[in-house]
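J.: What follows is query_2.cif; its format and atoms are mmCIF, C-alpha atoms and all ligand atoms.
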data_target
#
loop_
_atom_site.label_atom_id
_atom_site.label_comp_id
_atom_site.auth_asym_id
_atom_site.auth_seq_id
_atom_site.Cartn_x
_atom_site.Cartn_y
_atom_site.Cartn_z
CA MET A 1 68.42 -51.26 -27.50
CA VAL A 2 69.32 -50.15 -24.00
CA PHE A 3 66.98 -50.71 -21.10
CA VAL A 4 66.96 -48.38 -18.19
CA CYS A 5 66.29 -50.10 -14.92
CA GLY A 6 66.56 -48.48 -11.54
CA GLY A 7 69.09 -45.99 -12.81
CA THR A 8 71.42 -48.58 -14.37
CA HIS A 9 71.60 -49.17 -18.10
CA LEU A 10 71.05 -52.77 -18.94
CA GLU A 11 72.41 -54.40 -22.05
CA SER A 12 69.59 -56.82 -22.41
CA ARG A 13 66.20 -57.92 -21.22
CA VAL A 14 65.93 -61.18 -19.29
CA ILE A 15 63.03 -63.24 -20.64
CA THR A 16 61.96 -66.68 -19.46
CA LEU A 17 59.63 -69.16 -21.09
CA VAL A 18 58.09 -71.88 -18.95
CA ASP A 19 56.44 -74.82 -20.73
CA LEU A 20 54.89 -77.65 -18.75
CA ASP A 21 56.03 -81.10 -19.87
CA TYR A 22 53.58 -83.41 -21.71
CA PHE A 23 50.96 -81.36 -19.95
CA TYR A 24 47.63 -83.19 -20.19
CA ALA A 25 49.29 -86.58 -19.78
CA GLN A 26 51.37 -85.39 -16.84
CA VAL A 27 48.24 -84.11 -15.10
CA GLU A 28 46.66 -87.54 -15.64
CA GLU A 29 49.75 -89.20 -14.14
CA ARG A 30 49.52 -86.95 -11.14
CA ARG A 31 45.86 -87.87 -10.67
CA ASN A 32 46.71 -91.55 -10.97
CA PRO A 33 50.33 -92.27 -10.00
CA SER A 34 50.04 -95.93 -11.05
CA PHE A 35 50.18 -94.66 -14.68
CA ARG A 36 53.66 -93.23 -14.21
CA ASP A 37 55.76 -95.89 -15.88
CA LYS A 38 53.23 -96.79 -18.53
CA PRO A 39 52.58 -95.14 -21.87
CA VAL A 40 49.79 -92.60 -21.28
CA VAL A 41 47.85 -91.26 -24.25
CA VAL A 42 45.28 -88.48 -23.85
CA CYS A 43 42.75 -88.58 -26.66
CA VAL A 44 40.10 -86.40 -28.26
CA TYR A 45 37.46 -88.95 -29.14
CA SER A 46 35.28 -87.76 -31.99
CA GLY A 47 32.63 -90.25 -30.85
CA ARG A 48 31.82 -91.69 -34.27
CA THR A 49 33.33 -95.09 -33.63
CA GLU A 50 35.08 -96.35 -30.54
CA ASP A 51 38.56 -95.42 -31.69
CA SER A 52 37.91 -92.46 -33.97
CA GLY A 53 39.63 -89.27 -32.99
CA ALA A 54 43.13 -87.97 -32.44
CA VAL A 55 45.87 -88.04 -29.84
CA SER A 56 45.99 -84.78 -27.91
CA THR A 57 49.26 -85.60 -26.19
CA ALA A 58 51.22 -88.52 -24.79
CA ASN A 59 53.75 -88.96 -22.00
CA TYR A 60 57.39 -89.54 -22.88
CA VAL A 61 57.07 -93.31 -22.38
CA ALA A 62 54.44 -93.39 -25.13
CA ARG A 63 56.53 -91.06 -27.31
CA GLU A 64 59.30 -93.69 -27.29
CA PHE A 65 56.85 -95.90 -29.17
CA GLY A 66 56.33 -93.17 -31.77
CA VAL A 67 53.05 -91.78 -30.41
CA LYS A 68 52.60 -88.04 -31.12
CA SER A 69 50.08 -85.21 -30.77
CA GLY A 70 47.61 -85.14 -33.65
CA MET A 71 48.05 -88.80 -34.56
CA PRO A 72 44.86 -90.86 -35.16
CA ILE A 73 43.97 -92.92 -32.09
CA PHE A 74 43.89 -96.19 -34.03
CA LEU A 75 47.48 -95.59 -35.14
CA ALA A 76 48.61 -94.89 -31.55
CA LYS A 77 46.87 -98.13 -30.49
CA ARG A 78 48.69 -99.97 -33.23
CA LYS A 79 52.03 -98.58 -32.05
CA LEU A 80 51.24 -99.64 -28.49
CA LYS A 81 49.90 -103.08 -29.40
CA ASP A 82 50.78 -105.69 -26.75
CA VAL A 83 51.95 -102.92 -24.38
CA ASP A 84 50.24 -102.10 -21.08
CA ALA A 85 49.25 -98.60 -22.17
CA VAL A 86 46.63 -96.19 -20.81
CA PHE A 87 44.28 -94.35 -23.19
CA LEU A 88 42.23 -91.58 -21.59
CA PRO A 89 39.68 -89.04 -22.79
CA MET A 90 40.66 -85.40 -22.46
CA ASP A 91 39.40 -83.65 -19.31
CA HIS A 92 39.89 -80.08 -20.36
CA ALA A 93 38.13 -78.44 -17.41
CA PHE A 94 40.49 -80.20 -15.02
CA TYR A 95 43.60 -79.25 -17.02
CA GLU A 96 42.42 -75.63 -16.97
CA GLU A 97 42.15 -75.76 -13.21
CA VAL A 98 45.64 -77.16 -12.82
CA SER A 99 46.93 -74.63 -15.34
CA ASP A 100 45.43 -71.76 -13.31
CA ASP A 101 47.17 -73.02 -10.19
CA VAL A 102 50.55 -73.26 -11.92
CA MET A 103 50.17 -69.87 -13.58
CA ALA A 104 49.47 -68.29 -10.19
CA ILE A 105 52.87 -69.59 -9.03
CA LEU A 106 54.69 -68.44 -12.18
CA ARG A 107 53.16 -64.97 -11.97
CA GLY A 108 55.00 -64.52 -8.68
CA PHE A 109 58.34 -64.82 -10.50
CA ALA A 110 57.69 -62.18 -13.16
CA ASP A 111 57.83 -58.40 -13.49
CA ILE A 112 55.52 -58.80 -16.46
CA PHE A 113 53.64 -62.01 -17.07
CA GLU A 114 52.13 -63.32 -20.30
CA GLN A 115 50.37 -66.65 -20.45
CA VAL A 116 50.37 -68.23 -23.90
CA GLY A 117 48.05 -71.19 -24.21
CA ILE A 118 47.18 -73.58 -21.43
CA ASP A 119 50.67 -74.76 -20.50
CA GLU A 120 53.16 -72.00 -21.15
CA ALA A 121 54.00 -68.46 -20.15
CA TYR A 122 56.59 -65.78 -20.77
CA LEU A 123 58.07 -64.02 -17.76
CA ASP A 124 59.92 -60.74 -18.08
CA MET A 125 62.46 -60.87 -15.24
CA THR A 126 64.63 -57.94 -16.28
CA ARG A 127 63.89 -55.77 -13.31
CA ARG A 128 64.06 -58.34 -10.55
CA THR A 129 67.34 -59.78 -11.89
CA SER A 130 68.80 -56.34 -12.68
CA GLY A 131 69.59 -57.84 -16.07
CA SER A 132 71.75 -60.65 -14.65
CA PHE A 133 71.48 -64.05 -16.33
CA GLU A 134 73.12 -65.68 -13.31
CA ALA A 135 70.34 -64.32 -11.12
CA ALA A 136 67.83 -65.51 -13.72
CA TYR A 137 69.29 -69.02 -13.57
CA GLU A 138 68.77 -69.10 -9.80
CA LEU A 139 65.23 -67.77 -10.10
CA ALA A 140 64.40 -70.31 -12.80
CA GLN A 141 65.65 -73.15 -10.61
CA GLN A 142 63.60 -71.85 -7.72
CA LEU A 143 60.56 -71.62 -9.97
CA ARG A 144 60.97 -75.20 -11.14
CA GLU A 145 61.35 -76.42 -7.58
CA GLU A 146 58.27 -74.54 -6.47
CA VAL A 147 56.12 -75.89 -9.30
CA LYS A 148 57.35 -79.39 -8.43
CA ALA A 149 56.82 -79.00 -4.68
CA ARG A 150 53.44 -77.32 -4.82
CA GLU A 151 51.90 -78.83 -7.94
CA ASN A 152 53.96 -81.99 -8.40
CA LEU A 153 54.56 -81.14 -12.06
CA THR A 154 57.71 -80.74 -14.12
CA CYS A 155 58.30 -78.07 -16.71
CA SER A 156 60.98 -77.05 -19.16
CA VAL A 157 62.38 -73.57 -18.90
CA GLY A 158 64.34 -71.37 -21.28
CA VAL A 159 65.98 -68.06 -20.45
CA GLY A 160 67.25 -65.62 -23.06
CA PRO A 161 67.37 -61.95 -24.04
CA ASN A 162 63.99 -62.16 -25.82
CA LYS A 163 60.93 -64.35 -26.39
CA LEU A 164 62.29 -66.03 -29.49
CA VAL A 165 65.46 -67.24 -27.78
CA ALA A 166 63.64 -68.14 -24.55
CA LYS A 167 61.19 -70.34 -26.44
CA ILE A 168 63.88 -72.20 -28.37
CA ALA A 169 65.95 -72.55 -25.21
CA ALA A 170 62.97 -74.13 -23.40
CA ASP A 171 62.59 -76.67 -26.20
CA PHE A 172 66.30 -77.45 -26.11
CA GLN A 173 66.24 -79.80 -23.09
CA LYS A 174 62.93 -81.51 -22.61
CA PRO A 175 61.46 -82.74 -20.33
CA ASP A 176 62.38 -81.17 -16.98
CA GLY A 177 65.17 -79.03 -18.42
CA LEU A 178 66.59 -75.57 -17.91
CA THR A 179 68.58 -73.78 -20.59
CA VAL A 180 69.98 -70.28 -20.17
CA VAL A 181 71.29 -68.48 -23.25
CA LYS A 182 73.19 -65.31 -22.51
CA PRO A 183 73.07 -62.54 -25.12
CA GLU A 184 76.63 -63.13 -26.27
CA ARG A 185 75.88 -66.84 -26.81
CA VAL A 186 72.69 -66.41 -28.85
CA GLU A 187 74.15 -66.78 -32.33
CA SER A 188 76.30 -69.77 -31.52
CA PHE A 189 73.41 -71.41 -29.65
CA LEU A 190 71.04 -71.04 -32.59
CA ALA A 191 73.45 -71.77 -35.46
CA PRO A 192 73.48 -75.60 -35.32
CA LEU A 193 69.72 -75.98 -34.75
CA PRO A 194 67.44 -77.07 -37.60
CA VAL A 195 65.60 -74.09 -39.16
CA LYS A 196 62.29 -75.71 -38.23
CA ARG A 197 62.88 -74.63 -34.65
CA LEU A 198 62.18 -71.04 -35.69
CA MET A 199 58.63 -69.89 -35.34
CA GLY A 200 56.98 -69.53 -38.73
CA VAL A 201 59.10 -72.20 -40.39
CA GLY A 202 56.55 -74.95 -41.00
CA THR A 203 56.57 -77.79 -43.48
CA LYS A 204 56.09 -75.62 -46.56
CA ILE A 205 58.74 -73.00 -45.81
CA GLY A 206 61.01 -75.73 -44.48
CA LYS A 207 60.79 -77.52 -47.84
CA MET A 208 61.56 -74.31 -49.74
CA MET A 209 64.58 -73.72 -47.55
CA GLU A 210 65.79 -77.24 -48.07
CA SER A 211 65.76 -76.63 -51.80
CA LEU A 212 67.90 -73.53 -51.21
CA GLY A 213 70.34 -75.63 -49.19
CA ILE A 214 69.33 -74.04 -45.87
CA GLU A 215 69.16 -76.65 -43.14
CA THR A 216 70.31 -74.98 -39.96
CA VAL A 217 69.64 -71.59 -38.42
CA GLY A 218 73.30 -70.81 -39.11
CA ASP A 219 72.81 -71.55 -42.83
CA LEU A 220 69.92 -69.12 -42.77
CA ALA A 221 71.93 -66.44 -40.97
CA ARG A 222 74.66 -66.64 -43.63
CA TYR A 223 72.24 -66.61 -46.55
CA ASP A 224 72.15 -63.44 -48.63
CA VAL A 225 69.28 -61.31 -47.32
CA GLN A 226 68.29 -60.08 -50.80
CA ALA A 227 68.00 -63.68 -51.97
CA LEU A 228 65.82 -64.44 -48.94
CA ILE A 229 63.54 -61.53 -49.81
CA GLU A 230 63.29 -62.78 -53.39
CA ALA A 231 62.40 -66.27 -52.25
CA PHE A 232 60.03 -65.45 -49.38
CA GLY A 233 58.84 -61.89 -49.95
CA ARG A 234 59.91 -58.82 -48.08
CA ASN A 235 58.19 -59.30 -44.71
CA LEU A 236 58.96 -62.97 -44.26
CA GLY A 237 62.46 -62.58 -45.71
CA ILE A 238 63.39 -59.89 -43.21
CA TYR A 239 61.74 -61.75 -40.35
CA LEU A 240 63.68 -64.92 -41.19
CA ARG A 241 66.94 -63.04 -41.32
CA SER A 242 66.47 -61.39 -37.94
CA ALA A 243 65.08 -64.58 -36.39
CA SER A 244 68.16 -66.48 -37.54
CA LEU A 245 70.27 -63.95 -35.63
CA GLY A 246 68.10 -64.33 -32.55
CA ILE A 247 66.69 -60.82 -32.80
CA ASP A 248 63.20 -60.28 -31.43
CA GLU A 249 61.91 -57.13 -29.81
CA ALA A 250 58.35 -58.23 -29.05
CA PRO A 251 57.53 -57.23 -25.47
CA VAL A 252 56.16 -59.58 -22.84
CA GLN A 253 52.62 -58.32 -22.46
CA GLU A 254 50.09 -58.98 -19.78
CA ARG A 255 47.03 -60.46 -21.52
CA GLY A 256 43.50 -59.45 -20.68
CA GLU A 257 42.20 -61.57 -17.85
CA PRO A 258 39.56 -64.16 -18.69
CA GLU A 259 36.03 -62.82 -18.43
CA SER A 260 34.82 -65.41 -15.97
CA ILE A 261 35.91 -67.92 -13.35
CA SER A 262 34.07 -71.23 -13.18
CA ARG A 263 34.26 -74.68 -11.67
CA ILE A 264 32.23 -77.70 -12.69
CA SER A 265 32.16 -81.25 -11.38
CA THR A 266 30.26 -84.50 -11.74
CA LEU A 267 27.98 -85.63 -8.88
CA LYS A 268 28.64 -89.02 -7.31
CA GLU A 269 25.34 -90.13 -8.81
CA ASP A 270 22.71 -88.38 -10.89
CA SER A 271 20.39 -86.64 -8.49
CA ARG A 272 17.64 -84.13 -7.79
CA ASP A 273 18.37 -84.07 -4.09
CA LEU A 274 18.80 -80.43 -3.12
CA GLU A 275 20.96 -81.26 -0.12
CA ALA A 276 23.43 -83.39 -2.09
CA ILE A 277 23.64 -80.81 -4.84
CA SER A 278 24.05 -77.94 -2.36
CA GLU A 279 26.93 -79.73 -0.72
CA ARG A 280 28.74 -79.97 -4.03
CA ILE A 281 27.89 -76.37 -4.81
CA ALA A 282 29.45 -75.27 -1.54
CA GLU A 283 32.73 -76.93 -2.60
CA LEU A 284 32.65 -75.38 -6.06
CA CYS A 285 31.88 -71.95 -4.61
CA LYS A 286 34.86 -72.27 -2.30
CA ASP A 287 37.18 -73.04 -5.24
CA VAL A 288 35.76 -70.20 -7.30
CA HIS A 289 36.06 -67.87 -4.34
CA VAL A 290 39.77 -68.69 -3.91
CA LYS A 291 40.35 -67.69 -7.54
CA VAL A 292 38.35 -64.50 -7.06
CA LEU A 293 40.58 -63.52 -4.15
CA GLU A 294 43.73 -64.48 -6.05
CA ARG A 295 42.71 -62.31 -8.97
CA ASN A 296 41.69 -59.57 -6.57
CA VAL A 297 38.36 -58.96 -8.29
CA SER A 298 34.73 -58.58 -7.34
CA PHE A 299 31.96 -60.15 -9.40
CA ARG A 300 28.57 -58.80 -10.40
CA SER A 301 27.14 -61.93 -11.94
CA VAL A 302 26.74 -65.46 -10.61
CA GLY A 303 25.85 -68.32 -12.93
CA LEU A 304 24.86 -71.92 -12.49
CA ILE A 305 25.49 -74.61 -15.08
CA ALA A 306 23.86 -78.02 -14.93
CA VAL A 307 24.38 -81.00 -17.20
CA LEU A 308 21.33 -83.24 -16.95
CA THR A 309 21.03 -87.04 -17.29
CA ASP A 310 20.34 -86.72 -21.01
CA MET A 311 23.54 -84.62 -21.30
CA SER A 312 21.61 -81.47 -22.13
CA ILE A 313 22.98 -78.31 -20.57
CA ARG A 314 20.97 -75.73 -18.60
CA SER A 315 22.19 -72.53 -17.16
CA ARG A 316 20.77 -69.81 -14.93
CA SER A 317 22.34 -66.58 -13.81
CA LYS A 318 21.71 -63.61 -11.58
CA THR A 319 23.11 -60.11 -11.56
CA LEU A 320 23.99 -58.54 -8.22
CA GLU A 321 23.00 -55.00 -7.35
CA SER A 322 26.58 -54.21 -6.44
CA PRO A 323 29.87 -56.08 -6.91
CA SER A 324 30.72 -58.66 -4.28
CA ARG A 325 33.59 -60.95 -3.34
CA ASP A 326 31.81 -62.62 -0.48
CA LEU A 327 31.73 -66.43 -0.32
CA GLU A 328 28.37 -66.48 1.49
CA VAL A 329 26.77 -64.25 -1.13
CA LEU A 330 28.12 -66.57 -3.82
CA LYS A 331 26.78 -69.69 -2.10
CA ASP A 332 23.37 -68.17 -1.39
CA ILE A 333 22.86 -67.12 -4.98
CA ALA A 334 24.14 -70.41 -6.39
CA ASN A 335 21.69 -72.28 -4.15
CA GLU A 336 18.85 -69.98 -5.12
CA LEU A 337 19.64 -70.71 -8.76
CA VAL A 338 19.68 -74.47 -8.16
CA GLY A 339 16.29 -74.23 -6.49
CA ARG A 340 14.93 -72.37 -9.48
CA LEU A 341 16.46 -74.81 -11.92
CA LEU A 342 15.07 -77.89 -10.15
CA ASP A 343 11.62 -76.30 -10.24
CA GLU A 344 11.90 -75.80 -13.94
CA VAL A 345 13.34 -79.12 -15.15
CA GLU A 346 12.29 -82.68 -14.42
CA LEU A 347 15.44 -84.66 -15.19
CA GLU A 348 18.18 -85.52 -12.74
CA VAL A 349 21.40 -83.54 -12.57
CA ARG A 350 24.64 -85.20 -13.64
CA ARG A 351 27.17 -82.36 -13.49
CA ILE A 352 26.92 -79.05 -11.74
CA GLY A 353 28.98 -75.89 -12.13
CA VAL A 354 29.30 -72.41 -10.68
CA LYS A 355 30.50 -69.37 -12.56
CA VAL A 356 31.17 -65.75 -11.63
CA SER A 357 31.69 -62.93 -14.12
CA ARG A 358 31.35 -59.20 -14.79
CA PHE A 359 34.42 -58.42 -12.75
CA THR A 360 35.59 -55.18 -11.28
CA GLN A 361 39.17 -54.89 -10.16
CA GLN A 362 39.47 -54.70 -6.40
CA GLU A 363 42.70 -52.73 -6.51
CA LYS A 364 41.18 -49.63 -8.04
CA GLN A 365 38.52 -49.43 -5.38
CA LYS A 366 41.14 -49.84 -2.72
CA ALA A 367 43.24 -47.08 -4.22
CA LEU A 368 40.24 -44.78 -4.13
CA THR A 369 39.44 -45.46 -0.46
CA ASP A 370 43.11 -45.05 0.39
CA PHE A 371 42.98 -41.67 -1.26
CA ILE A 372 39.88 -40.57 0.60
CA GLY A 373 41.29 -41.93 3.85
CA ASN A 374 44.53 -39.99 3.39
CA ARG A 375 42.88 -36.65 2.93
CA GLY A 376 41.81 -36.49 6.55
CA ARG A 377 45.30 -37.05 7.94
P1 LIG B 401 55.90 -81.17 -24.35
O1 LIG B 401 55.73 -79.71 -24.11
O2 LIG B 401 56.57 -81.47 -25.64
O3 LIG B 401 56.51 -81.90 -23.21
O4 LIG B 401 54.44 -81.80 -24.53
P2 LIG B 401 53.01 -81.14 -24.38
O5 LIG B 401 52.01 -82.24 -24.43
O6 LIG B 401 52.93 -80.28 -23.17
O7 LIG B 401 52.91 -80.32 -25.72
P3 LIG B 401 52.56 -78.79 -25.96
O8 LIG B 401 53.25 -77.92 -24.97
O9 LIG B 401 52.82 -78.56 -27.40
O10 LIG B 401 51.00 -78.72 -25.76
C1 LIG B 401 50.34 -78.51 -24.53
C2 LIG B 401 49.03 -79.28 -24.48
O11 LIG B 401 48.20 -78.92 -25.59
C3 LIG B 401 49.21 -80.79 -24.61
O12 LIG B 401 49.45 -81.43 -23.37
C4 LIG B 401 47.93 -81.22 -25.25
C5 LIG B 401 47.52 -80.06 -26.12
N1 LIG B 401 47.91 -80.33 -27.52
C6 LIG B 401 49.12 -80.14 -28.09
N2 LIG B 401 49.12 -80.51 -29.38
C7 LIG B 401 47.87 -80.94 -29.65
C8 LIG B 401 47.22 -81.45 -30.83
O13 LIG B 401 47.81 -81.61 -31.91
N3 LIG B 401 45.89 -81.76 -30.70
C9 LIG B 401 45.20 -81.60 -29.53
N4 LIG B 401 43.92 -81.91 -29.47
N5 LIG B 401 45.78 -81.12 -28.41
C10 LIG B 401 47.08 -80.81 -28.46
CA CA B 402 54.24 -78.42 -22.96
CA CA B 403 53.21 -75.61 -24.81
#
Show me the file's structure as structure tokens.
Ligand code: DGT
Ligand code: CA
Ligand code: CA
T.:
Amino acid sequence: MVFVCGGTHLESRVITLVDLDYFYAQVEERRNPSFRDKPVVVCVYSGRTEDSGAVSTANYVAREFGVKSGMPIFLAKRKLKDVDAVFLPMDHAFYEEVSDDVMAILRGFADIFEQVGIDEAYLDMTRRTSGSFEAAYELAQQLREEVKARENLTCSVGVGPNKLVAKIAADFQKPDGLTVVKPERVESFLAPLPVKRLMGVGTKIGKMMESLGIETVGDLARYDVQALIEAFGRNLGIYLRSASLGIDEAPVQERGEPESISRISTLKEDSRDLEAISERIAELCKDVHVKVLERNVSFRSVGLIAVLTDMSIRSRSKTLESPSRDLEVLKDIANELVGRLLDEVELEVRRIGVKVSRFTQQEKQKALTDFIGNRGR
């Protein structure tokens, strides 16, 4: 495939994958720097008994003790017996917030940006690097420095001619690594890696391959393609063959933006005091408003979410007559909704949240006014 870019014909795309290191645990370390040298384990407590549930992720100190994502909490505790380790419940809303902030930085480094999951994103950099992997290396370093300086987080970055290679390159040196694989180095880079590094090769297919004597990506690349099709079926067989050669033409694609922006936080103490709640609401509105401006949207709906003392959740919302992106409008409506809510419930409020939705893109409106403005000139 040849890519045309600014009149020059490029041999290859330049695709970068950024994956934040031990994401939830790293965010917890940032929030509480005294955790840094200790094993940190972020848990999803199922709530049945004190220790029932699973490990969501762990920092690299904890991983040295054999703690892994998905492991039962009691097992992680056993592995960290007699060690000064930190076990924390997952705080998903907070990780989402941090993720949004990081993604806003990454977006600035991409021609086309595709977030995948909470802690990783693909960046198509073909245009801005004019297809140069040297330029991509520099950009990737700059990106890592910026994420570190502005968000105090480390990430691992892979650069390659497509998503498949970029992803494997990012996994190659973790944490805090950068691996660039130029097109001509793809096959030799992949060949020695275990086949399990390829997407789609899980435990079951891995076992089948083992029985065929395929251990590395190189083994797979040399394997007779007809025999692969016999063993794995046509679609998977052909996919495995091309994956083993580092071929992947899937484009980096901008995903649909989330339908809403929200912020929620816990009050210092449970309360029905309108003034105290309003103060918190003003802060939340400010945060939401920053995101609204960043996304360059206007909202037509404002919502309020309250978690009460008994942990029950109430929400109220209001639709605007016309789209707005005004902080004062947002605050006024949020306060109106709190007033209504307090009239309607008797319990105290524990957590309070603000949400905006029903977006319209600001850009399009601007383009239209530009157009009308230009006609008169
Ligand atoms: P890494 O990338 O190897 O340095 O470590 P993580 O923790 O960033 O791992 P990653 O990128 O696979 O996953 C991103 C986040 O997703 C991670 O911080 C927590 C969550 N997560 C990953 N695996 C699991 C899992 O098995 N269960 C649950 N509940 N959450 C998970
Ligand atoms: Ca990660
Ligand atoms: Ca990830």
J.: Tell me which of A:Asn162, A:Ser324, A:Ser156, A:Ser34 sits closest to ligand CA 403 (chain B), counting all atoms listed in the file.
T.: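 The closest residue to ligand CA 403 (chain B) is A:Ser156.
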J.: Around ligand CA 403 (chain B), at most 7 Å away and counting only C-alpha atoms and all ligand atoms, which residues are there? Put them as an MDAnalysis selection string, please.
T.: chainID A and resid 19:20 117 119:120
J.: When you look at Asp84 in chain A with a cut-off of 10 Å (counting only C-alpha atoms), what residues show up, excluding the ones that are within fewer than 4 positions of it in the same chain? I need them as JSON, numbers by chain.
T.: {"A": [35, 37, 38, 39, 40, 80]}
J.: From the list A:Met71, A:Val302, A:Ala170, A:Leu320, which residue is nearest ligand CA 402 (chain B) when using all atoms listed in the file?
T.: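 Closest candidate: A:Ala170.
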J.: Give me, as a tab-separated table, each residue of chain A that comes within 12 Å of ligand CA 402 (chain B), together with its shortest interatomic pair and the distance in Å at one decimal, counting all atoms listed in the file, with rows ordered by chain and rising residue number.
T.:
residue	atom	partner	partner_atom	distance
A:Leu17	CA	B:CA402	CA	10.9
A:Val18	CA	B:CA402	CA	8.6
A:Asp19	CA	B:CA402	CA	4.8
A:Leu20	CA	B:CA402	CA	4.3
A:Asp21	CA	B:CA402	CA	4.5
A:Tyr22	CA	B:CA402	CA	5.2
A:Phe23	CA	B:CA402	CA	5.3
A:Tyr24	CA	B:CA402	CA	8.6
A:Ala25	CA	B:CA402	CA	10.1
A:Gln26	CA	B:CA402	CA	9.7
A:Val27	CA	B:CA402	CA	11.4
A:Ser56	CA	B:CA402	CA	11.5
A:Thr57	CA	B:CA402	CA	9.3
A:Ala58	CA	B:CA402	CA	10.7
A:Asn59	CA	B:CA402	CA	10.6
A:Tyr60	CA	B:CA402	CA	11.6
A:Ser69	CA	B:CA402	CA	11.2
A:Ser99	CA	B:CA402	CA	11.2
A:Val116	CA	B:CA402	CA	10.9
A:Gly117	CA	B:CA402	CA	9.6
A:Ile118	CA	B:CA402	CA	8.7
A:Asp119	CA	B:CA402	CA	5.7
A:Glu120	CA	B:CA402	CA	6.8
A:Ala121	CA	B:CA402	CA	10.4
A:Leu153	CA	B:CA402	CA	11.2
A:Thr154	CA	B:CA402	CA	9.8
A:Cys155	CA	B:CA402	CA	7.5
A:Ser156	CA	B:CA402	CA	7.9
A:Val157	CA	B:CA402	CA	10.3
A:Lys167	CA	B:CA402	CA	11.2
A:Ala170	CA	B:CA402	CA	9.7
A:Asp171	CA	B:CA402	CA	9.1
A:Lys174	CA	B:CA402	CA	9.2
A:Pro175	CA	B:CA402	CA	8.8
A:Asp176	CA	B:CA402	CA	10.5
A:Gly177	CA	B:CA402	CA	11.9
J.: Find, counting all atoms listed in the file, the residue in A:Gln253, A:Thr16, A:Ser312, A:Ser211 that gets nearest to Ala140 in chain A.
T.: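 Under the stated criterion, the closest residue is A:Thr16.
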J.: Go through A:Leu178, A:Leu293, A:Ala282, A:Met199 and flag the residue nearest Gln141 in chain A, using only C-alpha atoms for the distances.
T.: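 Selected residue with least distance to Gln141 in chain A: A:Leu178.
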J.: For CA of Glu29 in chain A and atom O7 of ligand LIG 401 (chain B), quote the distance in Å rounded to one decimal.
T.: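 Taking CA of Glu29 in chain A as the start and atom O7 of ligand LIG 401 (chain B) as the end point, the length is 14.9 Å.
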J.: So which one's closest to His92 in chain A, A:Gly353, A:Cys43, A:Phe189, A:Gly303? Using all atoms listed in the file, please.
T.: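 Using all atoms listed in the file, His92 in chain A sits closest to A:Cys43.
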J.: Between CA of Val297 in chain A and CA of Pro258 in chain A, what is the distance in Å, rounded to a tenth?
T.: 11.7 Å
J.: Of the residues A:Val147, A:Val165, A:Val83, A:Ala54, which is the one nearest to Val102 in chain A, using only C-alpha atoms?
T.: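 Of the candidates, the smallest distance to Val102 in chain A is held by A:Val147.
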J.: Quick one: pull the distance between CA of Phe74 in chain A and CA of Arg31 in chain A, Å, one decimal.
T.: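 The value is 24.9 Å.
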J.: Fewer than 2 positions away in the same chain doesn't count, so skip those; otherwise give me all residues within 12 Å of Gly200 in chain A, counting all atoms listed in the file, as an NGL selection string.
T.: :A and (164 or 195-198 or 202-206 or 232 or 235-237 or 239-240 or 243-244)
J.: Can you tell me, as a PyMOL selection string, what residues are no more than 10 Å from Ser301 in chain A when counting all atoms listed in the file, ignoring any on the same chain fewer than 4 positions away?
T.: chain A and resi 260+317-324+330+333+355-359
J.: Give me the residues within 12 Å of Ser46 in chain A as an MDAnalysis selection string, counting all atoms listed in the file and dropping any in the same chain fewer than 3 places off.
T.: chainID A and resid 43 49:56 72:73 89:90
J.: Can you list, as a list in words, every protein, DNA or RNA residue that comes within 8 Å of Arg350 in chain A when you count all atoms listed in the file, leaving out same-chain residues fewer than 3 positions away?
T.: Thr266, Leu267, Glu269, Asp270, Ser271, Ala306, Val307, Leu308, Thr309 and Met311 of chain A
